[in-house]
$ cat protein.cif   # mmCIF, C-alpha atoms and all ligand atoms
data_work
#
loop_
_atom_site.label_atom_id
_atom_site.label_comp_id
_atom_site.auth_asym_id
_atom_site.auth_seq_id
_atom_site.Cartn_x
_atom_site.Cartn_y
_atom_site.Cartn_z
CA MET T 22 -29.59 -95.85 35.61
CA THR T 23 -32.04 -98.63 36.35
CA GLY T 24 -33.96 -100.42 33.63
CA THR T 25 -37.25 -99.18 35.06
CA LEU T 26 -36.22 -95.53 34.83
CA LYS T 27 -34.94 -95.98 31.29
CA LYS T 28 -38.28 -97.39 30.23
CA MET T 29 -40.13 -94.29 31.42
CA PHE T 30 -39.45 -92.72 28.04
CA SER T 31 -36.89 -94.31 25.79
CA ARG T 32 -37.17 -94.76 22.05
CA LYS T 33 -34.73 -96.78 20.00
CA ILE T 34 -34.39 -95.17 16.58
CA THR T 35 -31.72 -97.54 15.21
CA PRO T 36 -29.79 -100.25 17.09
CA ASN T 37 -27.15 -97.60 18.00
CA LEU T 38 -29.31 -94.50 18.33
CA GLU T 39 -31.77 -93.80 21.13
CA ILE T 40 -33.61 -90.81 22.60
CA ARG T 41 -34.61 -90.67 26.24
CA LEU T 42 -36.56 -88.10 28.21
CA SER T 43 -33.82 -85.94 29.75
CA LEU T 44 -33.32 -86.68 33.44
CA PRO T 45 -31.16 -84.88 36.03
CA GLN T 46 -28.99 -88.03 36.12
CA TYR T 47 -27.71 -87.17 32.63
CA ALA T 48 -26.65 -83.64 33.61
CA ASP T 49 -22.96 -84.39 34.22
CA GLU T 50 -22.54 -86.05 30.84
CA ILE T 51 -24.62 -83.47 28.94
CA PHE T 52 -22.63 -80.68 30.59
CA ALA T 53 -19.31 -82.37 29.68
CA VAL T 54 -20.43 -82.62 26.04
CA THR T 55 -21.62 -78.99 26.10
CA ASP T 56 -18.34 -77.84 27.64
CA SER T 57 -16.15 -79.62 25.11
CA ASN T 58 -18.26 -78.29 22.20
CA ARG T 59 -18.54 -74.68 23.36
CA SER T 60 -16.92 -73.01 20.37
CA PHE T 61 -18.79 -75.24 17.89
CA LEU T 62 -22.20 -74.60 19.52
CA ARG T 63 -21.60 -70.89 20.13
CA GLU T 64 -21.97 -70.10 16.46
CA TRP T 65 -25.74 -70.66 16.60
CA LEU T 66 -26.82 -71.09 20.22
CA PRO T 67 -27.16 -68.05 22.50
CA TRP T 68 -27.05 -69.70 25.94
CA LEU T 69 -23.48 -71.06 26.21
CA ASP T 70 -22.25 -68.32 28.55
CA SER T 71 -24.93 -69.13 31.12
CA VAL T 72 -23.97 -72.83 31.29
CA ASN T 73 -20.75 -73.05 33.28
CA LYS T 74 -21.16 -76.07 35.56
CA SER T 75 -23.11 -79.35 35.74
CA ASP T 76 -25.65 -77.79 38.09
CA ASP T 77 -26.63 -75.27 35.39
CA THR T 78 -27.48 -78.20 33.09
CA ARG T 79 -29.17 -80.09 35.96
CA ASN T 80 -31.38 -77.10 36.82
CA PHE T 81 -32.30 -76.67 33.17
CA ILE T 82 -33.30 -80.36 32.90
CA ARG T 83 -35.39 -80.11 36.10
CA GLU T 84 -37.21 -77.12 34.66
CA GLN T 85 -37.83 -79.02 31.42
CA LEU T 86 -39.26 -81.95 33.43
CA HIS T 87 -41.68 -79.58 35.15
CA ARG T 88 -42.68 -78.25 31.74
CA PHE T 89 -43.05 -81.85 30.45
CA ALA T 90 -45.36 -82.62 33.36
CA ARG T 91 -47.48 -79.62 32.43
CA GLY T 92 -47.54 -80.68 28.75
CA GLU T 93 -45.55 -77.61 27.69
CA ALA T 94 -42.34 -79.18 26.36
CA ILE T 95 -40.40 -82.41 25.80
CA HIS T 96 -36.63 -82.39 26.24
CA VAL T 97 -34.82 -85.55 25.14
CA THR T 98 -31.20 -86.64 25.31
CA ILE T 99 -29.72 -88.32 22.24
CA PHE T 100 -27.56 -91.38 22.90
CA SER T 101 -25.30 -92.77 20.19
CA GLU T 102 -23.85 -96.16 21.15
CA GLY T 103 -24.81 -95.36 24.74
CA ALA T 104 -22.97 -92.01 24.90
CA VAL T 105 -24.59 -88.57 24.96
CA ALA T 106 -24.42 -87.09 21.45
CA GLY T 107 -26.70 -84.08 21.92
CA VAL T 108 -30.22 -83.07 22.80
CA ALA T 109 -33.45 -82.27 21.00
CA GLY T 110 -37.14 -81.94 21.61
CA TYR T 111 -40.14 -79.69 21.66
CA ASN T 112 -38.98 -76.37 23.14
CA GLU T 113 -42.60 -75.44 23.30
CA ILE T 114 -45.88 -77.25 22.85
CA ASP T 115 -48.79 -74.96 22.13
CA SER T 116 -51.63 -77.29 23.05
CA VAL T 117 -54.33 -74.69 22.36
CA ASN T 118 -53.30 -74.49 18.72
CA GLY T 119 -51.78 -77.96 18.40
CA ILE T 120 -48.31 -76.76 17.38
CA GLY T 121 -44.94 -78.13 18.49
CA TYR T 122 -41.71 -76.11 18.16
CA ILE T 123 -38.64 -78.29 17.66
CA GLY T 124 -35.09 -77.42 18.73
CA TYR T 125 -31.82 -79.42 18.64
CA TRP T 126 -28.04 -79.54 18.93
CA LEU T 127 -25.46 -82.23 18.42
CA ALA T 128 -21.81 -82.50 19.47
CA GLU T 129 -19.47 -81.78 16.57
CA LYS T 130 -18.10 -85.31 16.26
CA TYR T 131 -21.60 -86.72 15.71
CA ASN T 132 -22.40 -84.32 12.85
CA GLY T 133 -22.76 -85.50 9.28
CA LYS T 134 -24.11 -88.98 10.04
CA GLY T 135 -27.80 -88.24 9.60
CA ILE T 136 -28.44 -88.47 13.36
CA MET T 137 -30.54 -85.32 13.74
CA THR T 138 -32.67 -86.03 10.69
CA ARG T 139 -33.58 -89.40 12.22
CA VAL T 140 -34.24 -87.86 15.64
CA VAL T 141 -36.49 -85.15 14.17
CA LEU T 142 -38.39 -87.80 12.20
CA ASP T 143 -39.05 -89.61 15.49
CA LEU T 144 -40.14 -86.36 17.18
CA ILE T 145 -42.64 -85.90 14.33
CA THR T 146 -43.97 -89.41 15.00
CA ILE T 147 -44.43 -88.48 18.68
CA ALA T 148 -46.27 -85.30 17.65
CA ARG T 149 -48.58 -87.19 15.35
CA ASP T 150 -49.24 -90.37 17.34
CA ASP T 151 -48.95 -89.30 20.97
CA LEU T 152 -49.33 -85.54 21.24
CA LYS T 153 -51.92 -85.37 18.43
CA LEU T 154 -50.53 -82.06 17.20
CA GLN T 155 -51.60 -80.61 13.88
CA LYS T 156 -48.35 -78.79 13.04
CA VAL T 157 -44.63 -79.04 13.70
CA ASP T 158 -42.47 -75.91 13.44
CA ILE T 159 -38.69 -75.61 13.07
CA ARG T 160 -36.91 -72.24 13.04
CA CYS T 161 -33.30 -71.91 11.89
CA ALA T 162 -31.00 -68.93 11.48
CA THR T 163 -30.84 -67.95 7.82
CA GLU T 164 -27.12 -68.74 7.52
CA ASN T 165 -27.38 -72.04 9.44
CA THR T 166 -27.47 -74.22 6.35
CA ARG T 167 -26.85 -77.50 8.23
CA SER T 168 -29.85 -76.88 10.42
CA ARG T 169 -32.05 -75.70 7.54
CA ALA T 170 -31.19 -78.88 5.61
CA ILE T 171 -33.06 -80.95 8.21
CA PRO T 172 -36.62 -79.59 7.68
CA GLU T 173 -35.89 -79.25 3.97
CA ARG T 174 -34.87 -82.93 3.77
CA LEU T 175 -38.00 -83.94 5.68
CA GLY T 176 -40.40 -82.12 3.36
CA PHE T 177 -41.28 -79.16 5.58
CA THR T 178 -42.68 -76.07 3.85
CA HIS T 179 -40.71 -72.83 4.10
CA GLU T 180 -43.26 -70.39 5.50
CA GLY T 181 -41.19 -67.23 5.63
CA THR T 182 -38.46 -65.21 7.30
CA LEU T 183 -38.60 -63.56 10.71
CA ARG T 184 -36.25 -60.58 10.75
CA ARG T 185 -34.01 -60.13 13.83
CA ALA T 186 -35.73 -63.04 15.56
CA GLU T 187 -32.86 -63.88 17.88
CA ARG T 188 -29.86 -62.21 19.45
CA VAL T 189 -26.83 -64.52 19.44
CA TYR T 190 -24.15 -62.71 21.47
CA ASP T 191 -23.53 -59.46 19.58
CA GLU T 192 -25.47 -60.28 16.47
CA TRP T 193 -29.10 -60.23 15.45
CA LEU T 194 -30.09 -63.29 13.41
CA ASP T 195 -33.01 -63.69 11.05
CA HIS T 196 -34.95 -66.96 11.29
CA GLU T 197 -36.31 -69.11 8.51
CA VAL T 198 -39.60 -70.69 9.56
CA TYR T 199 -40.32 -74.23 8.37
CA ALA T 200 -43.47 -76.17 9.15
CA LEU T 201 -45.09 -79.51 8.51
CA LEU T 202 -48.84 -80.00 8.73
CA LEU T 203 -49.76 -83.34 10.30
CA THR T 204 -53.49 -83.46 9.67
C1 LIG B 1 -27.75 -78.66 12.86
C2 LIG B 1 -27.23 -79.99 13.39
C3 LIG B 1 -28.15 -80.49 14.47
C4 LIG B 1 -27.18 -81.00 12.23
O1 LIG B 1 -26.91 -82.30 12.75
P1 LIG B 1 -26.61 -83.57 11.77
O2 LIG B 1 -26.90 -84.82 12.50
O3 LIG B 1 -25.28 -83.41 11.15
O4 LIG B 1 -27.74 -83.34 10.70
P2 LIG B 1 -28.40 -84.42 9.79
O5 LIG B 1 -29.06 -85.48 10.54
O6 LIG B 1 -29.29 -83.66 8.87
O7 LIG B 1 -27.19 -85.05 8.99
C5 LIG B 1 -26.96 -84.64 7.68
C6 LIG B 1 -25.59 -85.07 7.26
O8 LIG B 1 -25.43 -86.46 7.51
C7 LIG B 1 -25.23 -87.16 6.25
N1 LIG B 1 -25.96 -88.42 6.34
C8 LIG B 1 -25.36 -89.62 6.48
N2 LIG B 1 -26.29 -90.56 6.54
C9 LIG B 1 -27.51 -89.96 6.46
C10 LIG B 1 -28.84 -90.41 6.49
N3 LIG B 1 -29.13 -91.70 6.59
N4 LIG B 1 -29.84 -89.50 6.40
C11 LIG B 1 -29.58 -88.20 6.27
N5 LIG B 1 -28.32 -87.71 6.24
C12 LIG B 1 -27.29 -88.58 6.33
C13 LIG B 1 -25.75 -86.22 5.20
O9 LIG B 1 -25.13 -86.44 3.96
C14 LIG B 1 -25.40 -84.88 5.78
O10 LIG B 1 -24.02 -84.63 5.61
P3 LIG B 1 -23.48 -83.21 5.07
O11 LIG B 1 -23.77 -82.22 6.18
O12 LIG B 1 -22.04 -83.45 4.88
O13 LIG B 1 -24.26 -82.92 3.84
C15 LIG B 1 -25.81 -79.82 13.96
O14 LIG B 1 -24.96 -79.32 12.95
C16 LIG B 1 -25.72 -78.89 15.16
O15 LIG B 1 -26.02 -79.28 16.27
N6 LIG B 1 -25.27 -77.64 14.96
C17 LIG B 1 -25.03 -76.69 16.03
C18 LIG B 1 -26.28 -76.29 16.79
C19 LIG B 1 -27.39 -75.82 15.90
O16 LIG B 1 -27.16 -75.18 14.90
N7 LIG B 1 -28.62 -76.14 16.29
C20 LIG B 1 -29.80 -75.77 15.52
C21 LIG B 1 -30.30 -74.43 15.92
S1 LIG B 1 -31.75 -74.03 14.94
#
$ encode --input "protein.cif" --output "structure tokens"
Amino acid sequence: MTGTLKKMFSRKITPNLEIRLSLPQYADEIFAVTDSNRSFLREWLPWLDSVNKSDDTRNFIREQLHRFARGEAIHVTIFSEGAVAGVAGYNEIDSVNGIGYIGYWLAEKYNGKGIMTRVVLDLITIARDDLKLQKVDIRCATENTRSRAIPERLGFTHEGTLRRAERVYDEWLDHEVYALLLT
């Protein structure tokens, strides 16, 4: 990776923690992290069975870059001490209504260090300063206490529960909706 490419979109959050706009060049490493965390991620993420090779990750990143170019989404890769730790971003940017919908996952070994809370805080800064959104939304499965702790820690308001919002393998999950108003 050349310095120029890195600078396209790279934000240092702490000396050891950085987010970068996800590029196809990261696909091999992101896929390797996905593959070695399959059982951990499967508990809450519905797409593991459709990601079986690096090219699946590469195609997903390419699609996210197209969406980024259209202002519809931002997909970032999280680097901890230079290694891929997970991903995060705005799964959807509703520019008509000024709302960004955040999503995230982290490899198991990077859990419990406050990484995602810091990353989400930086995504909120991007929403406020660069995207000029008025609202940030995070939706977590009701039983996903680790995920729910992030918006709760950051002062989001719990807006309600969406029943059977997502099918994760054979189970329907309810979602808790959290939101932060920026203006
Ligand atoms: C949900 C998930 C992203 C949480 O990641 P995380 O980095 O562990 O979350 P946080 O940043 O909030 O870290 C909080 C933990 O770090 C600890 N921590 C250490 N330093 C901290 C700091 N400076 N600030 C905040 N927390 C800190 C906290 O005590 C807490 O530990 P605990 O879980 O033992 O109470 C991760 O578990 C995950 O990817 N899960 C699977 C996929 C998933 O559920 N995605 C979300 C779908 S909605």
$ atom_distance --input "protein.cif" --atom1 "CA of Ala48 (chain T)" --atom2 "CA of Arg79 (chain T)"
4.9 Å
$ closest_atom_pairs --input "protein.cif" --of "chain T" --to "ligand LIG 1 (chain B)" --cutoff "6 Å" --atoms "all atoms listed in the file" --output "Markdown table"
| residue | atom | partner | partner_atom | distance |
| --- | --- | --- | --- | --- |
| T:Leu62 | CA | B:LIG1 | C17 | 5.0 |
| T:Trp65 | CA | B:LIG1 | O16 | 5.0 |
| T:Tyr125 | CA | B:LIG1 | N7 | 5.1 |
| T:Trp126 | CA | B:LIG1 | O15 | 3.4 |
| T:Leu127 | CA | B:LIG1 | O15 | 3.7 |
| T:Asn132 | CA | B:LIG1 | O3 | 3.5 |
| T:Gly133 | CA | B:LIG1 | O8 | 3.3 |
| T:Lys134 | CA | B:LIG1 | O8 | 3.8 |
| T:Gly135 | CA | B:LIG1 | O5 | 3.2 |
| T:Ile136 | CA | B:LIG1 | O2 | 4.1 |
| T:Met137 | CA | B:LIG1 | O5 | 3.5 |
| T:Thr138 | CA | B:LIG1 | O5 | 3.7 |
| T:Arg160 | CA | B:LIG1 | S1 | 5.8 |
| T:Cys161 | CA | B:LIG1 | S1 | 4.0 |
| T:Arg167 | CA | B:LIG1 | C1 | 4.9 |
| T:Ser168 | CA | B:LIG1 | C1 | 3.7 |
| T:Ile171 | CA | B:LIG1 | O6 | 4.7 |
$ closest_residue --input "protein.cif" --among "T:Asp158, T:Asp77, T:Asp150, T:Asp143" --to "Ile114 (chain T)" --atoms "only C-alpha atoms"
T:Asp158
$ residues_around --input "protein.cif" --residues "Ala148 (chain T)" --least-positions-apart "3" --cutoff "10 Å" --atoms "all atoms listed in the file" --output "ChimeraX atom specification"
/T:111,114,119-121,142-145,151-157,203
$ closest_residue --input "protein.cif" --among "T:Asn58, T:Asn37, T:Ser75, T:Gln85" --to "Gly110 (chain T)" --atoms "all atoms listed in the file"
T:Gln85
$ atom_distance --input "protein.cif" --atom1 "CA of Asn80 (chain T)" --atom2 "CA of Gly103 (chain T)"
22.9 Å
$ residues_around --input "protein.cif" --residues "Phe61 (chain T)" --least-positions-apart "6" --cutoff "10 Å" --atoms "all atoms listed in the file" --output "ChimeraX atom specification"
/T:55,127-129
$ residues_around --input "protein.cif" --residues "Leu42 (chain T)" --least-positions-apart "3" --cutoff "10 Å" --atoms "only C-alpha atoms" --output "list in words"
Leu26, Lys27, Lys28, Met29, Phe30, Ser31, Arg32, Tyr47, Ile82, Gln85, Leu86, Phe89, Ile95, His96, Val97, Thr98, Ile99, Val108, Ala109 and Gly110 of chain T
$ atom_distance --input "protein.cif" --atom1 "CA of Arg88 (chain T)" --atom2 "CA of Leu44 (chain T)"
12.7 Å
$ closest_residue --input "protein.cif" --among "T:Ser60, T:Glu50, T:Ala162, T:Val117" --to "Val189 (chain T)" --atoms "all atoms listed in the file"
T:Ala162
$ closest_residue --input "protein.cif" --among "T:Arg149, T:Arg139, T:His179, T:Arg188" --to "Lys33 (chain T)" --atoms "only C-alpha atoms"
T:Arg139
$ axis_aligned_box --input "protein.cif" --around "region 117-122 of chain T" --padding-each-side "6 Å" --output "lines of an AutoDock Vina configuration file"
center_x = -48.0
center_y = -76.3
center_z = 19.9
size_x = 24.6
size_y = 15.6
size_z = 17.0
$ residues_around --input "protein.cif" --residues "Phe100 (chain T)" --least-positions-apart "6" --cutoff "8 Å" --atoms "all atoms listed in the file" --output "list in words"
Asn37, Leu38, Glu39, Ile40, Arg41, Ala106 and Gly107 of chain T
$ closest_residue --input "protein.cif" --among "T:Leu183, T:Gly176, T:Phe52, T:Arg169" --to "Ser71 (chain T)" --atoms "only C-alpha atoms"
T:Phe52
$ closest_residue --input "protein.cif" --among "T:Ala94, T:Asp49, T:Glu102, T:Ser57" --to "Lys74 (chain T)" --atoms "all atoms listed in the file"
T:Asp49
$ build_atoms --input "protein.cif" --residues "region 124-147 of chain T" --atoms "N, CA, C and O atoms" --output "mmCIF file, in the coordinates of the input"
data_model
loop_
_atom_site.group_PDB
_atom_site.id
_atom_site.type_symbol
_atom_site.label_atom_id
_atom_site.label_comp_id
_atom_site.auth_asym_id
_atom_site.auth_seq_id
_atom_site.Cartn_x
_atom_site.Cartn_y
_atom_site.Cartn_z
ATOM 1 N N GLY T 124 -36.443 -77.962 18.649
ATOM 2 C CA GLY T 124 -35.090 -77.420 18.730
ATOM 3 C C GLY T 124 -34.111 -78.576 18.887
ATOM 4 O O GLY T 124 -34.499 -79.673 19.297
ATOM 5 N N TYR T 125 -32.807 -78.335 18.558
ATOM 6 C CA TYR T 125 -31.820 -79.420 18.640
ATOM 7 C C TYR T 125 -30.394 -78.924 18.604
ATOM 8 O O TYR T 125 -30.118 -77.842 18.096
ATOM 9 N N TRP T 126 -29.486 -79.715 19.176
ATOM 10 C CA TRP T 126 -28.040 -79.540 18.930
ATOM 11 C C TRP T 126 -27.343 -80.876 19.118
ATOM 12 O O TRP T 126 -27.811 -81.736 19.871
ATOM 13 N N LEU T 127 -26.223 -80.980 18.431
ATOM 14 C CA LEU T 127 -25.460 -82.230 18.420
ATOM 15 C C LEU T 127 -23.982 -81.878 18.614
ATOM 16 O O LEU T 127 -23.511 -80.880 18.065
ATOM 17 N N ALA T 128 -23.257 -82.696 19.353
ATOM 18 C CA ALA T 128 -21.810 -82.500 19.470
ATOM 19 C C ALA T 128 -21.166 -82.614 18.084
ATOM 20 O O ALA T 128 -21.650 -83.360 17.222
ATOM 21 N N GLU T 129 -20.077 -81.867 17.907
ATOM 22 C CA GLU T 129 -19.470 -81.780 16.570
ATOM 23 C C GLU T 129 -19.114 -83.145 15.987
ATOM 24 O O GLU T 129 -19.354 -83.411 14.817
ATOM 25 N N LYS T 130 -18.580 -84.033 16.829
ATOM 26 C CA LYS T 130 -18.100 -85.310 16.260
ATOM 27 C C LYS T 130 -19.233 -86.206 15.778
ATOM 28 O O LYS T 130 -18.997 -87.173 15.068
ATOM 29 N N TYR T 131 -20.466 -85.899 16.167
ATOM 30 C CA TYR T 131 -21.600 -86.720 15.710
ATOM 31 C C TYR T 131 -22.308 -86.106 14.494
ATOM 32 O O TYR T 131 -23.273 -86.668 13.993
ATOM 33 N N ASN T 132 -21.795 -84.955 14.030
ATOM 34 C CA ASN T 132 -22.400 -84.320 12.850
ATOM 35 C C ASN T 132 -22.131 -85.121 11.588
ATOM 36 O O ASN T 132 -21.159 -85.871 11.504
ATOM 37 N N GLY T 133 -23.000 -84.931 10.605
ATOM 38 C CA GLY T 133 -22.760 -85.500 9.280
ATOM 39 C C GLY T 133 -23.044 -86.970 9.135
ATOM 40 O O GLY T 133 -22.638 -87.606 8.178
ATOM 41 N N LYS T 134 -23.775 -87.547 10.108
ATOM 42 C CA LYS T 134 -24.110 -88.980 10.040
ATOM 43 C C LYS T 134 -25.605 -89.199 9.877
ATOM 44 O O LYS T 134 -26.100 -90.317 9.982
ATOM 45 N N GLY T 135 -26.355 -88.104 9.739
ATOM 46 C CA GLY T 135 -27.800 -88.240 9.600
ATOM 47 C C GLY T 135 -28.529 -88.449 10.923
ATOM 48 O O GLY T 135 -29.710 -88.801 10.948
ATOM 49 N N ILE T 136 -27.827 -88.212 12.041
ATOM 50 C CA ILE T 136 -28.440 -88.470 13.360
ATOM 51 C C ILE T 136 -29.639 -87.552 13.593
ATOM 52 O O ILE T 136 -30.732 -87.998 13.947
ATOM 53 N N MET T 137 -29.447 -86.227 13.368
ATOM 54 C CA MET T 137 -30.540 -85.320 13.740
ATOM 55 C C MET T 137 -31.753 -85.475 12.838
ATOM 56 O O MET T 137 -32.897 -85.339 13.295
ATOM 57 N N THR T 138 -31.523 -85.797 11.583
ATOM 58 C CA THR T 138 -32.670 -86.030 10.690
ATOM 59 C C THR T 138 -33.514 -87.188 11.233
ATOM 60 O O THR T 138 -34.745 -87.108 11.288
ATOM 61 N N ARG T 139 -32.849 -88.249 11.670
ATOM 62 C CA ARG T 139 -33.580 -89.400 12.220
ATOM 63 C C ARG T 139 -34.309 -89.040 13.518
ATOM 64 O O ARG T 139 -35.439 -89.459 13.746
ATOM 65 N N VAL T 140 -33.625 -88.256 14.362
ATOM 66 C CA VAL T 140 -34.240 -87.860 15.640
ATOM 67 C C VAL T 140 -35.479 -86.995 15.378
ATOM 68 O O VAL T 140 -36.536 -87.199 15.982
ATOM 69 N N VAL T 141 -35.357 -86.046 14.455
ATOM 70 C CA VAL T 141 -36.490 -85.150 14.170
ATOM 71 C C VAL T 141 -37.653 -85.961 13.590
ATOM 72 O O VAL T 141 -38.818 -85.723 13.940
ATOM 73 N N LEU T 142 -37.333 -86.930 12.751
ATOM 74 C CA LEU T 142 -38.390 -87.800 12.200
ATOM 75 C C LEU T 142 -39.136 -88.501 13.345
ATOM 76 O O LEU T 142 -40.366 -88.604 13.332
ATOM 77 N N ASP T 143 -38.409 -88.945 14.354
ATOM 78 C CA ASP T 143 -39.050 -89.610 15.490
ATOM 79 C C ASP T 143 -39.870 -88.618 16.314
ATOM 80 O O ASP T 143 -40.956 -88.948 16.798
ATOM 81 N N LEU T 144 -39.366 -87.376 16.452
ATOM 82 C CA LEU T 144 -40.140 -86.360 17.180
ATOM 83 C C LEU T 144 -41.449 -86.062 16.444
ATOM 84 O O LEU T 144 -42.487 -85.808 17.071
ATOM 85 N N ILE T 145 -41.407 -86.117 15.108
ATOM 86 C CA ILE T 145 -42.640 -85.900 14.330
ATOM 87 C C ILE T 145 -43.626 -87.043 14.596
ATOM 88 O O ILE T 145 -44.828 -86.812 14.756
ATOM 89 N N THR T 146 -43.107 -88.258 14.685
ATOM 90 C CA THR T 146 -43.970 -89.410 15.000
ATOM 91 C C THR T 146 -44.641 -89.223 16.362
ATOM 92 O O THR T 146 -45.836 -89.486 16.526
ATOM 93 N N ILE T 147 -43.869 -88.741 17.339
ATOM 94 C CA ILE T 147 -44.430 -88.480 18.680
ATOM 95 C C ILE T 147 -45.533 -87.431 18.580
ATOM 96 O O ILE T 147 -46.601 -87.566 19.185
#
